[in-house]
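Student: Data: run.pdb, PDB, C-alpha atoms (C1' of nucleotides).
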```pdb
ATOM      1  CA  MET A   1      -4.294  13.943  32.061
ATOM      2  CA  ASN A   2      -1.506  11.553  31.013
ATOM      3  CA  TYR A   3      -1.658   8.190  29.284
ATOM      4  CA  SER A   4       0.562   5.148  28.898
ATOM      5  CA  ILE A   5       1.264   3.724  25.466
ATOM      6  CA  GLY A   6      -1.204   0.915  26.145
ATOM      7  CA  GLU A   7      -3.972   3.324  27.089
ATOM      8  CA  VAL A   8      -3.386   5.396  23.957
ATOM      9  CA  ALA A   9      -3.386   2.273  21.796
ATOM     10  CA  LYS A  10      -6.746   1.177  23.203
ATOM     11  CA  LYS A  11      -8.250   4.675  23.071
ATOM     12  CA  LEU A  12      -7.298   5.377  19.452
ATOM     13  CA  ASN A  13      -7.305   1.813  18.180
ATOM     14  CA  PHE A  14      -3.618   1.768  17.292
ATOM     15  CA  LYS A  15      -1.339  -1.151  18.067
ATOM     16  CA  ILE A  16       1.292  -0.411  20.695
ATOM     17  CA  HIS A  17       3.921  -1.428  18.143
ATOM     18  CA  THR A  18       2.592   1.080  15.685
ATOM     19  CA  LEU A  19       2.832   3.907  18.220
ATOM     20  CA  ARG A  20       6.440   3.005  18.973
ATOM     21  CA  TYR A  21       7.091   2.835  15.235
ATOM     22  CA  TYR A  22       5.608   6.311  14.775
ATOM     23  CA  ASP A  23       7.745   7.550  17.635
ATOM     24  CA  ARG A  24      10.864   6.053  16.040
ATOM     25  CA  GLU A  25       9.943   7.713  12.750
ATOM     26  CA  GLY A  26       9.682  11.116  14.410
ATOM     27  CA  LEU A  27       5.918  11.608  14.119
ATOM     28  CA  ILE A  28       5.335  12.305  17.795
ATOM     29  CA  PRO A  29       8.422  14.107  19.124
ATOM     30  CA  SER A  30       6.373  15.806  21.849
ATOM     31  CA  VAL A  31       5.851  12.560  23.766
ATOM     32  CA  GLU A  32       7.930  12.610  26.956
ATOM     33  CA  ARG A  33       9.500   9.889  29.067
ATOM     34  CA  THR A  34       9.657   8.987  32.737
ATOM     35  CA  ALA A  35      13.015   8.525  34.458
ATOM     36  CA  ASN A  36      13.186   4.891  33.392
ATOM     37  CA  GLY A  37      12.193   5.504  29.785
ATOM     38  CA  THR A  38       8.451   4.840  29.781
ATOM     39  CA  ARG A  39       6.539   7.044  27.337
ATOM     40  CA  VAL A  40       4.075   9.553  28.756
ATOM     41  CA  PHE A  41       1.355  10.772  26.384
ATOM     42  CA  LYS A  42      -0.379  14.070  27.093
ATOM     43  CA  GLU A  43      -3.799  15.161  25.874
ATOM     44  CA  SER A  44      -2.130  17.131  23.089
ATOM     45  CA  ASP A  45      -0.307  13.981  21.954
ATOM     46  CA  ILE A  46      -3.643  12.209  21.679
ATOM     47  CA  GLU A  47      -4.927  15.056  19.540
ATOM     48  CA  LEU A  48      -1.826  14.909  17.392
ATOM     49  CA  LEU A  49      -2.290  11.170  16.915
ATOM     50  CA  LYS A  50      -5.900  11.700  15.858
ATOM     51  CA  PHE A  51      -4.657  14.199  13.316
ATOM     52  CA  ILE A  52      -2.009  11.770  12.113
ATOM     53  CA  GLN A  53      -4.709   9.117  11.769
ATOM     54  CA  CYS A  54      -6.686  11.525   9.628
ATOM     55  CA  LEU A  55      -3.698  12.305   7.410
ATOM     56  CA  LYS A  56      -2.994   8.595   7.069
ATOM     57  CA  ASN A  57      -6.599   8.029   6.025
ATOM     58  CA  SER A  58      -6.065  10.636   3.345
ATOM     59  CA  GLY A  59      -3.197   8.529   2.003
ATOM     60  CA  MET A  60      -0.410  10.811   3.158
ATOM     61  CA  ALA A  61       2.894   8.948   3.540
ATOM     62  CA  ILE A  62       4.613   8.661   6.916
ATOM     63  CA  LYS A  63       7.617  10.578   5.647
ATOM     64  CA  ASP A  64       5.425  13.502   4.542
ATOM     65  CA  ILE A  65       3.751  13.589   7.928
ATOM     66  CA  LYS A  66       7.203  13.528   9.502
ATOM     67  CA  ASN A  67       8.292  16.447   7.324
ATOM     68  CA  PHE A  68       5.240  18.394   8.363
ATOM     69  CA  ILE A  69       5.940  17.763  12.064
ATOM     70  CA  GLU A  70       9.525  18.935  11.592
ATOM     71  CA  TRP A  71       8.461  22.039   9.682
ATOM     72  CA  SER A  72       5.951  22.865  12.400
ATOM     73  CA  SER A  73       8.772  23.071  14.923
ATOM     74  CA  GLU A  74      10.802  25.363  12.678
ATOM     75  CA  GLY A  75       8.440  28.329  12.685
ATOM     76  CA  ASP A  76       7.387  30.782  10.015
ATOM     77  CA  SER A  77      10.254  29.995   7.650
ATOM     78  CA  THR A  78       8.489  26.761   6.650
ATOM     79  CA  LEU A  79       4.993  28.151   6.122
ATOM     80  CA  GLN A  80       5.297  27.805   2.366
ATOM     81  CA  GLN A  81       6.323  24.144   2.555
ATOM     82  CA  ARG A  82       3.445  23.366   4.854
ATOM     83  CA  TYR A  83       0.977  25.201   2.631
ATOM     84  CA  ASP A  84       2.279  23.379  -0.435
ATOM     85  CA  LEU A  85       2.012  20.029   1.314
ATOM     86  CA  PHE A  86      -1.639  20.496   2.186
ATOM     87  CA  GLN A  87      -2.510  21.998  -1.167
ATOM     88  CA  LYS A  88      -0.966  18.991  -2.890
ATOM     89  CA  GLN A  89      -2.715  16.598  -0.541
ATOM     90  CA  LYS A  90      -6.031  18.346  -1.046
ATOM     91  CA  ILE A  91      -5.806  17.822  -4.792
ATOM     92  CA  ALA A  92      -4.715  14.221  -4.324
ATOM     93  CA  VAL A  93      -7.671  13.500  -2.053
ATOM     94  CA  GLU A  94     -10.135  15.143  -4.419
ATOM     95  CA  LYS A  95      -8.812  12.975  -7.229
ATOM     96  CA  GLN A  96      -9.036   9.878  -5.076
ATOM     97  CA  ILE A  97     -12.641  10.609  -4.174
ATOM     98  CA  GLU A  98     -13.482  11.067  -7.840
ATOM     99  CA  GLU A  99     -11.891   7.753  -8.789
ATOM    100  CA  LEU A 100     -13.640   5.999  -5.952
ATOM    101  CA  GLN A 101     -16.992   7.420  -7.039
ATOM    102  CA  GLU A 102     -16.440   6.090 -10.536
ATOM    103  CA  ALA A 103     -15.388   2.713  -9.198
ATOM    104  CA  LEU A 104     -18.397   2.675  -6.897
ATOM    105  CA  ASN A 105     -20.749   3.066  -9.848
ATOM    106  CA  VAL A 106     -19.178   0.120 -11.615
ATOM    107  CA  ILE A 107     -19.141  -1.993  -8.469
ATOM    108  CA  GLU A 108     -22.778  -1.224  -7.684
ATOM    109  CA  HIS A 109     -23.662  -2.225 -11.207
ATOM    110  CA  LYS A 110     -21.871  -5.546 -10.762
ATOM    111  CA  SER A 111     -23.440  -6.088  -7.387
ATOM    112  CA  ASN A 112     -26.914  -5.551  -8.840
ATOM    113  CA  TYR A 113     -26.094  -7.774 -11.774
ATOM    114  CA  TYR A 114     -25.115 -10.687  -9.532
ATOM    115  CA  LYS A 115     -28.074 -10.077  -7.247
ATOM    116  CA  ALA A 116     -30.390 -10.457 -10.239
ATOM    117  CA  ALA A 117     -28.464 -13.489 -11.450
ATOM    118  CA  LEU A 118     -28.786 -15.091  -8.033
ATOM    119  CA  ASP A 119     -32.540 -14.448  -7.993
ATOM    120  CA  ALA A 120     -32.838 -15.956 -11.476
ATOM    121  CA  GLY A 121     -30.580 -18.844 -10.483
ATOM    122  CA  THR A 122     -28.366 -18.258 -13.474
ATOM    123  CA  GLU A 123     -26.293 -15.589 -15.101
ATOM    124  CA  ASP A 124     -27.752 -16.383 -18.514
ATOM    125  CA  ALA A 125     -30.908 -14.415 -17.803
ATOM    126  CA  GLN A 126     -29.030 -11.124 -17.358
ATOM    127  CA  GLY A 127     -28.874 -10.071 -20.977
ATOM    128  CA  LYS A 128     -25.582 -11.838 -21.411
ATOM    129  CA  LYS A 129     -25.131 -12.179 -25.161
ATOM    130  CA  LYS A 130     -22.249 -14.573 -25.575
ATOM    131  CA  ILE A 131     -20.574 -17.212 -23.469
ATOM    132  CA  GLY A 132     -17.367 -16.027 -21.877
ATOM    133  CA  THR A 133     -18.098 -12.327 -21.658
ATOM    134  CA  SER A 134     -19.653 -12.376 -18.210
ATOM    135  CA  VAL A 135     -16.706 -10.691 -16.525
ATOM    136  CA  LEU A 136     -17.591  -7.442 -18.209
ATOM    137  CA  ASP A 137     -21.382  -7.387 -17.965
TER     138      ASP A 137
ATOM    139  CA  MET B   1      -8.439  -5.527 -33.762
ATOM    140  CA  ASN B   2      -5.432  -6.973 -31.929
ATOM    141  CA  TYR B   3      -2.743  -5.255 -29.878
ATOM    142  CA  SER B   4       0.783  -6.015 -28.732
ATOM    143  CA  ILE B   5       1.710  -5.642 -25.082
ATOM    144  CA  GLY B   6       3.452  -2.355 -25.869
ATOM    145  CA  GLU B   7       0.391  -0.933 -27.589
ATOM    146  CA  VAL B   8      -1.837  -1.913 -24.679
ATOM    147  CA  ALA B   9       0.605  -0.393 -22.201
ATOM    148  CA  LYS B  10       0.597   2.914 -24.050
ATOM    149  CA  LYS B  11      -3.171   2.899 -24.614
ATOM    150  CA  LEU B  12      -4.114   2.193 -20.981
ATOM    151  CA  ASN B  13      -1.120   3.785 -19.322
ATOM    152  CA  PHE B  14       0.165   0.579 -17.768
ATOM    153  CA  LYS B  15       3.809  -0.396 -17.751
ATOM    154  CA  ILE B  16       4.613  -3.405 -19.928
ATOM    155  CA  HIS B  17       6.070  -5.074 -16.846
ATOM    156  CA  THR B  18       2.833  -4.589 -14.973
ATOM    157  CA  LEU B  19       0.819  -6.228 -17.731
ATOM    158  CA  ARG B  20       3.136  -9.223 -17.711
ATOM    159  CA  TYR B  21       2.864  -9.313 -13.920
ATOM    160  CA  TYR B  22      -0.940  -9.305 -14.137
ATOM    161  CA  ASP B  23      -0.754 -12.088 -16.675
ATOM    162  CA  ARG B  24       1.491 -14.126 -14.394
ATOM    163  CA  GLU B  25      -0.952 -13.557 -11.544
ATOM    164  CA  GLY B  26      -3.830 -14.892 -13.598
ATOM    165  CA  LEU B  27      -5.753 -11.643 -14.070
ATOM    166  CA  ILE B  28      -5.938 -11.847 -17.858
ATOM    167  CA  PRO B  29      -6.164 -15.541 -18.807
ATOM    168  CA  SER B  30      -7.996 -14.709 -22.030
ATOM    169  CA  VAL B  31      -4.894 -13.149 -23.607
ATOM    170  CA  GLU B  32      -3.568 -15.441 -26.325
ATOM    171  CA  ARG B  33      -0.104 -16.042 -27.757
ATOM    172  CA  THR B  34       1.454 -16.279 -31.203
ATOM    173  CA  ALA B  35       3.463 -19.356 -32.164
ATOM    174  CA  ASN B  36       6.625 -17.891 -30.662
ATOM    175  CA  GLY B  37       5.018 -16.803 -27.399
ATOM    176  CA  THR B  38       4.204 -13.141 -28.042
ATOM    177  CA  ARG B  39       1.022 -11.989 -26.295
ATOM    178  CA  VAL B  40      -1.916 -10.945 -28.453
ATOM    179  CA  PHE B  41      -4.493  -8.672 -26.775
ATOM    180  CA  LYS B  42      -8.012  -8.519 -28.179
ATOM    181  CA  GLU B  43     -10.514  -5.701 -27.760
ATOM    182  CA  SER B  44     -12.182  -7.685 -24.954
ATOM    183  CA  ASP B  45      -8.838  -7.917 -23.157
ATOM    184  CA  ILE B  46      -8.539  -4.148 -23.290
ATOM    185  CA  GLU B  47     -11.998  -3.858 -21.770
ATOM    186  CA  LEU B  48     -11.068  -6.348 -19.075
ATOM    187  CA  LEU B  49      -7.940  -4.367 -18.257
ATOM    188  CA  LYS B  50      -9.973  -1.183 -17.951
ATOM    189  CA  PHE B  51     -12.250  -2.996 -15.545
ATOM    190  CA  ILE B  52      -9.237  -4.281 -13.588
ATOM    191  CA  GLN B  53      -7.930  -0.721 -13.441
ATOM    192  CA  CYS B  54     -11.233   0.363 -11.995
ATOM    193  CA  LEU B  55     -11.223  -2.393  -9.380
ATOM    194  CA  LYS B  56      -7.645  -1.503  -8.478
ATOM    195  CA  ASN B  57      -8.690   2.122  -8.049
ATOM    196  CA  SER B  58     -11.342   0.916  -5.648
ATOM    197  CA  GLY B  59      -8.601  -0.661  -3.547
ATOM    198  CA  MET B  60      -9.393  -4.271  -4.449
ATOM    199  CA  ALA B  61      -6.391  -6.556  -3.997
ATOM    200  CA  ILE B  62      -4.864  -8.422  -6.942
ATOM    201  CA  LYS B  63      -5.724 -11.756  -5.379
ATOM    202  CA  ASP B  64      -9.398 -10.792  -5.038
ATOM    203  CA  ILE B  65      -9.491  -9.730  -8.671
ATOM    204  CA  LYS B  66      -7.850 -13.029  -9.562
ATOM    205  CA  ASN B  67     -10.492 -14.913  -7.577
ATOM    206  CA  PHE B  68     -13.221 -13.059  -9.400
ATOM    207  CA  ILE B  69     -11.715 -13.901 -12.798
ATOM    208  CA  GLU B  70     -11.511 -17.546 -11.814
ATOM    209  CA  TRP B  71     -15.081 -17.595 -10.526
ATOM    210  CA  SER B  72     -16.277 -15.995 -13.723
ATOM    211  CA  SER B  73     -14.961 -18.938 -15.692
ATOM    212  CA  GLU B  74     -16.685 -21.426 -13.409
ATOM    213  CA  GLY B  75     -20.243 -20.461 -14.203
ATOM    214  CA  ASP B  76     -23.364 -20.169 -12.081
ATOM    215  CA  SER B  77     -22.007 -22.166  -9.157
ATOM    216  CA  THR B  78     -19.912 -19.146  -8.117
ATOM    217  CA  LEU B  79     -22.598 -16.478  -8.426
ATOM    218  CA  GLN B  80     -22.853 -16.148  -4.651
ATOM    219  CA  GLN B  81     -19.088 -15.638  -4.210
ATOM    220  CA  ARG B  82     -19.057 -12.990  -6.892
ATOM    221  CA  TYR B  83     -22.043 -11.220  -5.413
ATOM    222  CA  ASP B  84     -20.452 -11.299  -1.942
ATOM    223  CA  LEU B  85     -17.192  -9.925  -3.303
ATOM    224  CA  PHE B  86     -18.838  -6.903  -4.880
ATOM    225  CA  GLN B  87     -21.145  -6.308  -1.941
ATOM    226  CA  LYS B  88     -18.131  -6.304   0.375
ATOM    227  CA  GLN B  89     -16.198  -4.036  -1.966
ATOM    228  CA  LYS B  90     -19.132  -1.667  -2.292
ATOM    229  CA  ILE B  91     -19.249  -1.209   1.480
ATOM    230  CA  ALA B  92     -15.457  -0.826   1.639
ATOM    231  CA  VAL B  93     -15.517   1.882  -1.029
ATOM    232  CA  GLU B  94     -18.361   3.747   0.660
ATOM    233  CA  LYS B  95     -16.383   3.734   3.899
ATOM    234  CA  GLN B  96     -13.263   4.917   2.097
ATOM    235  CA  ILE B  97     -15.122   7.802   0.497
ATOM    236  CA  GLU B  98     -16.502   8.817   3.878
ATOM    237  CA  GLU B  99     -13.057   8.793   5.480
ATOM    238  CA  LEU B 100     -11.611  10.753   2.598
ATOM    239  CA  GLN B 101     -14.350  13.348   2.884
ATOM    240  CA  GLU B 102     -13.575  13.802   6.561
ATOM    241  CA  ALA B 103      -9.862  14.014   5.857
ATOM    242  CA  LEU B 104     -10.533  16.486   3.061
ATOM    243  CA  ASN B 105     -12.314  18.819   5.470
ATOM    244  CA  VAL B 106      -9.376  18.792   7.848
ATOM    245  CA  ILE B 107      -6.865  19.218   5.033
ATOM    246  CA  GLU B 108      -8.787  22.114   3.526
ATOM    247  CA  HIS B 109      -8.861  23.757   6.919
ATOM    248  CA  LYS B 110      -5.085  23.381   7.220
ATOM    249  CA  SER B 111      -4.556  24.631   3.697
ATOM    250  CA  ASN B 112      -6.628  27.739   4.415
ATOM    251  CA  TYR B 113      -4.840  28.238   7.708
ATOM    252  CA  TYR B 114      -1.422  28.251   6.058
ATOM    253  CA  LYS B 115      -2.666  30.416   3.213
ATOM    254  CA  ALA B 116      -3.742  33.034   5.753
ATOM    255  CA  ALA B 117      -0.485  32.647   7.668
ATOM    256  CA  LEU B 118       1.478  33.171   4.456
ATOM    257  CA  ASP B 119      -0.510  36.292   3.653
ATOM    258  CA  ALA B 120       0.090  37.595   7.175
ATOM    259  CA  GLY B 121       3.763  36.615   6.986
ATOM    260  CA  THR B 122       3.522  34.710  10.237
ATOM    261  CA  GLU B 123       1.577  31.947  11.876
ATOM    262  CA  ASP B 124       1.111  33.990  15.041
ATOM    263  CA  ALA B 125      -1.743  35.977  13.546
ATOM    264  CA  GLN B 126      -3.928  32.885  13.031
ATOM    265  CA  GLY B 127      -5.491  32.759  16.489
ATOM    266  CA  LYS B 128      -2.732  30.513  17.721
ATOM    267  CA  LYS B 129      -2.935  30.638  21.497
ATOM    268  CA  LYS B 130       0.263  29.039  22.706
ATOM    269  CA  ILE B 131       3.678  28.340  21.251
ATOM    270  CA  GLY B 132       4.090  24.776  20.115
ATOM    271  CA  THR B 133       0.478  23.949  19.358
ATOM    272  CA  SER B 134       0.577  24.990  15.712
ATOM    273  CA  VAL B 135       0.461  21.438  14.407
ATOM    274  CA  LEU B 136      -3.137  21.169  15.500
ATOM    275  CA  ASP B 137      -4.532  24.556  14.557
TER     276      ASP B 137
ATOM    277  C1'  DA C   1      25.981  -9.224 -41.322
ATOM    278  C1'  DC C   2      24.609  -6.067 -38.003
ATOM    279  C1'  DT C   3      22.053  -2.955 -35.376
ATOM    280  C1'  DT C   4      17.539  -1.583 -33.554
ATOM    281  C1'  DG C   5      13.491  -2.400 -31.412
ATOM    282  C1'  DC C   6      10.159  -5.117 -30.214
ATOM    283  C1'  DC C   7       9.035  -9.441 -27.618
ATOM    284  C1'  DC C   8       9.949 -13.313 -23.888
ATOM    285  C1'  DT C   9      11.224 -15.605 -18.997
ATOM    286  C1'  DA C  10      12.758 -16.475 -14.242
ATOM    287  C1'  DA C  11      14.391 -14.568 -10.388
ATOM    288  C1'  DA C  12      16.029 -11.120  -7.487
ATOM    289  C1'  DG C  13      15.320  -6.428  -5.663
ATOM    290  C1'  DT C  14      12.488  -2.498  -3.915
ATOM    291  C1'  DT C  15       9.341   0.195  -0.972
ATOM    292  C1'  DA C  16       6.132   1.316   2.608
ATOM    293  C1'  DA C  17       4.236   0.408   6.717
ATOM    294  C1'  DC C  18       4.021  -2.198   9.747
ATOM    295  C1'  DT C  19       4.809  -6.711  12.753
ATOM    296  C1'  DT C  20       7.286 -10.095  15.165
ATOM    297  C1'  DC C  21      11.117 -11.690  17.790
ATOM    298  C1'  DA C  22      14.449 -11.976  21.320
ATOM    299  C1'  DT C  23      15.520 -10.011  25.315
ATOM    300  C1'  DG C  24      15.221  -7.604  29.477
ATOM    301  C1'  DA C  25      13.661  -4.224  33.252
ATOM    302  C1'  DA C  26      10.154  -2.168  36.397
ATOM    303  C1'  DG C  27       5.897  -2.345  39.041
ATOM    304  C1'  DT C  28       1.953  -4.794  41.228
ATOM    305  C1'  DA C  29      -0.890  -8.828  43.466
ATOM    306  C1'  DA C  30      -0.950 -13.051  46.258
TER     307       DA C  30
ATOM    308  C1'  DT D   1       9.388 -14.537  46.442
ATOM    309  C1'  DT D   2       7.157 -15.778  42.568
ATOM    310  C1'  DA D   3       4.143 -14.703  38.955
ATOM    311  C1'  DC D   4       1.971 -11.444  35.906
ATOM    312  C1'  DT D   5       1.514  -7.435  33.260
ATOM    313  C1'  DT D   6       3.269  -3.631  31.011
ATOM    314  C1'  DC D   7       6.892  -1.193  29.590
ATOM    315  C1'  DA D   8      11.407  -0.891  26.729
ATOM    316  C1'  DT D   9      14.949  -1.794  22.677
ATOM    317  C1'  DG D  10      17.174  -3.279  18.224
ATOM    318  C1'  DA D  11      16.853  -6.088  14.561
ATOM    319  C1'  DA D  12      14.856  -9.211  11.611
ATOM    320  C1'  DG D  13      10.621 -10.646   9.134
ATOM    321  C1'  DT D  14       6.290  -9.816   6.448
ATOM    322  C1'  DT D  15       3.176  -8.384   2.665
ATOM    323  C1'  DA D  16       1.596  -6.334  -1.544
ATOM    324  C1'  DA D  17       2.441  -4.730  -5.777
ATOM    325  C1'  DC D  18       5.276  -3.852  -8.446
ATOM    326  C1'  DT D  19      10.228  -3.096 -10.704
ATOM    327  C1'  DT D  20      14.651  -4.316 -12.173
ATOM    328  C1'  DT D  21      18.120  -7.459 -13.738
ATOM    329  C1'  DA D  22      20.094 -10.811 -16.550
ATOM    330  C1'  DG D  23      19.518 -13.496 -20.000
ATOM    331  C1'  DG D  24      17.896 -14.422 -24.715
ATOM    332  C1'  DG D  25      14.751 -14.734 -29.376
ATOM    333  C1'  DC D  26      12.851 -12.910 -33.718
ATOM    334  C1'  DA D  27      11.991  -9.592 -37.576
ATOM    335  C1'  DA D  28      12.799  -5.412 -40.165
ATOM    336  C1'  DG D  29      15.881  -1.943 -41.975
ATOM    337  C1'  DT D  30      20.838  -0.486 -43.910
TER     338       DT D  30
END
```
Written as structure tokens, that's how I'd like the structure from this file.

Tutor:
Amino acid sequence: MNYSIGEVAKKLNFKIHTLRYYDREGLIPSVERTANGTRVFKESDIELLKFIQCLKNSGMAIKDIKNFIEWSSEGDSTLQQRYDLFQKQKIAVEKQIEELQEALNVIEHKSNYYKAALDAGTEDAQGKKKIGTSVLD
Amino acid sequence: MNYSIGEVAKKLNFKIHTLRYYDREGLIPSVERTANGTRVFKESDIELLKFIQCLKNSGMAIKDIKNFIEWSSEGDSTLQQRYDLFQKQKIAVEKQIEELQEALNVIEHKSNYYKAALDAGTEDAQGKKKIGTSVLD
DNA sequence: ACTTGCCCTAAAGTTAACTTCATGAAGTAA
DNA sequence: TTACTTCATGAAGTTAACTTTAGGGCAAGT
């Protein structure tokens, strides 16, 4: 089954512009063209785009994704690079998750604090000791 | 205890420029100045900066942090805004963590795949069915 | 006096990842 | 045929969050 750029955009919730941008940047070299230049996306291109979406969610930069795509087309000689890339990204993501967990604790605390303040009608009931320190309670 | 901008930068691992930028953007209005304009950071400013660092880690935008700081100085009339901000951020962070977890699974799979390929000396031993599909294995 | 090392500002520059703009061609529906 | 939709390109514009540049002040050490 083949798809037009518009169909892919709708299906994967990308903007058409973004898909063309990714194409320009070399992220989807497998996408083919009709005689008059219209892009034709195959099922495997959809899968690739889902994977790209996942890597983007992990915070991987476009240029790293591009490198990976290039390495993939170069065969076994780039296995080490590809391994290193994903090892590095794995560690980066683990660190990110840790930081987000910490931040989440603080944010939940603040959220609860303001919920209680709202119920009380004022912040002054929340164990606030001095005027002007509320930012950090 | 008071600190100069350089001391704060070293202590919290910010660049001096970034601290001045945050000041310009209204994130640390409580920082005072000496007669000739040099910034003087108090202990409470350090704590505020740590909190800002945490919010930044959570992906909160500078302008949202600035809003929060402003609201904090306006008293009980902005309790709802502050509550909404942290509720919204809480949900955003939870979503981020979820996406990162998903991405982490995929990335770990890739990392293991390439580890095995490296050990085998070639990608072709990894159950790869057809040439050219390696990107998605 | 002079050099070093801290501090200051305003403004311009950078980077990533889009996004918009100006323009035009091909295909379809009435 | 005219109108509409979808496709295309290259190039310029946008946004956030810094970062760098260019200028200069003050205080301590030699």

Student: Compute the set of chain D residues within 10 Å of chain B, using only C-alpha atoms (C1' of nucleotides), and express it as a list in words.

Tutor: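 The selection requested is DA16, DA17, DC18, DT19, DT20, DG25 and DC26 of chain D.
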
Student: List the residues matched by the PyMOL selection byres ((chain B) within 10 of (chain C)) in the displayed structure as a list of chain:residue names, ordered by chain and then by residue number.

Tutor: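 So the PyMOL selection byres ((chain B) within 10 of (chain C)) ends up selecting B:Ser4, B:Ile5, B:Gly6, B:Asn36, B:Gly37, B:Thr38, B:Arg39.
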
Student: Can you work out which residues from chain B touch chain A at a cut-off of 8 Å (counting all atoms listed in the file) and hand them back as a count of residues only?

Tutor: 45

Student: Work out how far atom CA of Asn67 of chain A is from atom CA of Lys11 of chain A, in Å to one decimal.

Tutor: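 Taking atom CA of Lys11 of chain A as the start and atom CA of Asn67 of chain A as the end point, the length is 25.7 Å.
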
Student: Once you add 4 Å to each side, what are the centre and edge lengths of the axis-aligned box holding all listed atoms of segment 56-75 of chain A? One decimal in Å, as lines of an AutoDock Vina configuration file, if you can.

Tutor:
```
center_x = 2.1
center_y = 18.2
center_z = 8.5
size_x = 25.4
size_y = 28.3
size_z = 20.9
```

Student: For a quick check of your reading of the model, name the residues lying within 7 Å of the coordinate (-6.5, -7.5, -25.2), counting all atoms listed in the file, and write them as a PyMOL selection string.

Tutor: chain B and resi 2-3+31+40-46

Student: By how many Å are atom C1' of DA8 of chain D and atom CA of Arg20 of chain A apart?

Tutor: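 Value for the atom C1' of DA8 of chain D-atom CA of Arg20 of chain A distance: 10.0 Å.
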
Student: May I ask for the distance between atom C1' of DT9 of chain D and atom CA of Leu12 of chain A, given in Å to one decimal place?

Tutor: 23.6 Å

Student: Take the structure in the block and write a file for segment 3-14 of chain D, N, CA and C atoms (P, O5', C5', C4', C3', O3' and C1' of nucleotides), as a short mmCIF file (atom, residue, chain, number, x, y, z; two decimals), in the first residue's frame.

Tutor:
```
data_model
loop_
_atom_site.label_atom_id
_atom_site.label_comp_id
_atom_site.auth_asym_id
_atom_site.auth_seq_id
_atom_site.Cartn_x
_atom_site.Cartn_y
_atom_site.Cartn_z
P DA D 3 -13.22 30.82 -12.16
"O5'" DA D 3 -13.26 29.75 -10.99
"C5'" DA D 3 -14.43 28.95 -10.81
"C4'" DA D 3 -14.07 27.78 -9.91
"C3'" DA D 3 -13.18 28.17 -8.74
"O3'" DA D 3 -13.79 27.66 -7.55
"C1'" DA D 3 -12.29 26.29 -9.87
P DC D 4 -13.16 27.99 -6.11
"O5'" DC D 4 -12.57 26.56 -5.74
"C5'" DC D 4 -13.35 25.37 -6.02
"C4'" DC D 4 -12.55 24.15 -5.62
"C3'" DC D 4 -11.64 24.40 -4.41
"O3'" DC D 4 -11.86 23.37 -3.46
"C1'" DC D 4 -10.39 23.49 -6.23
P DT D 5 -11.21 23.49 -2.00
"O5'" DT D 5 -10.15 22.30 -2.08
"C5'" DT D 5 -10.53 21.07 -2.74
"C4'" DT D 5 -9.28 20.22 -3.00
"C3'" DT D 5 -8.23 20.29 -1.88
"O3'" DT D 5 -8.03 18.96 -1.40
"C1'" DT D 5 -7.23 20.58 -4.03
P DT D 6 -7.03 18.67 -0.18
"O5'" DT D 6 -5.70 18.21 -0.92
"C5'" DT D 6 -5.73 17.15 -1.89
"C4'" DT D 6 -4.38 17.09 -2.58
"C3'" DT D 6 -3.19 17.24 -1.63
"O3'" DT D 6 -2.35 16.09 -1.70
"C1'" DT D 6 -2.93 18.60 -3.55
P DC D 7 -1.08 15.95 -0.77
"O5'" DC D 7 0.12 16.36 -1.76
"C5'" DC D 7 0.47 15.47 -2.83
"C4'" DC D 7 1.28 16.21 -3.87
"C3'" DC D 7 2.59 16.82 -3.37
"O3'" DC D 7 3.63 15.86 -3.38
"C1'" DC D 7 1.45 18.29 -4.87
P DA D 8 4.94 16.26 -2.60
"O5'" DA D 8 5.56 17.43 -3.49
"C5'" DA D 8 6.14 17.10 -4.76
"C4'" DA D 8 6.72 18.34 -5.42
"C3'" DA D 8 7.73 19.10 -4.57
"O3'" DA D 8 9.01 18.52 -4.72
"C1'" DA D 8 6.22 20.61 -5.60
P DT D 9 10.12 18.85 -3.68
"O5'" DT D 9 10.62 20.30 -4.14
"C5'" DT D 9 11.06 20.53 -5.47
"C4'" DT D 9 11.37 22.00 -5.64
"C3'" DT D 9 12.36 22.51 -4.61
"O3'" DT D 9 13.62 22.70 -5.22
"C1'" DT D 9 10.45 23.96 -4.76
P DG D 10 14.91 22.87 -4.26
"O5'" DG D 10 15.04 24.44 -4.10
"C5'" DG D 10 14.85 25.30 -5.22
"C4'" DG D 10 14.81 26.74 -4.74
"C3'" DG D 10 15.89 27.06 -3.71
"O3'" DG D 10 16.40 28.37 -3.99
"C1'" DG D 10 13.75 27.43 -2.74
P DA D 11 17.60 28.97 -3.11
"O5'" DA D 11 16.87 30.08 -2.25
"C5'" DA D 11 15.75 30.79 -2.80
"C4'" DA D 11 15.09 31.58 -1.71
"C3'" DA D 11 16.04 32.03 -0.59
"O3'" DA D 11 15.67 33.33 -0.18
"C1'" DA D 11 14.28 30.83 0.35
P DA D 12 16.68 34.25 0.67
"O5'" DA D 12 15.67 35.06 1.58
"C5'" DA D 12 14.35 35.34 1.12
"C4'" DA D 12 13.39 35.23 2.29
"C3'" DA D 12 13.92 35.86 3.58
"O3'" DA D 12 12.93 36.72 4.09
"C1'" DA D 12 13.14 33.65 3.98
P DG D 13 13.12 37.52 5.46
"O5'" DG D 13 12.21 36.65 6.45
"C5'" DG D 13 10.86 36.36 6.10
"C4'" DG D 13 10.19 35.68 7.28
"C3'" DG D 13 10.54 36.31 8.63
"O3'" DG D 13 9.35 36.40 9.38
"C1'" DG D 13 11.08 33.99 8.64
P DT D 14 9.35 36.99 10.87
"O5'" DT D 14 9.35 35.65 11.72
"C5'" DT D 14 8.29 34.71 11.55
"C4'" DT D 14 8.41 33.64 12.62
"C3'" DT D 14 8.71 34.18 14.02
"O3'" DT D 14 7.65 33.76 14.87
"C1'" DT D 14 10.16 32.37 13.46
#
```
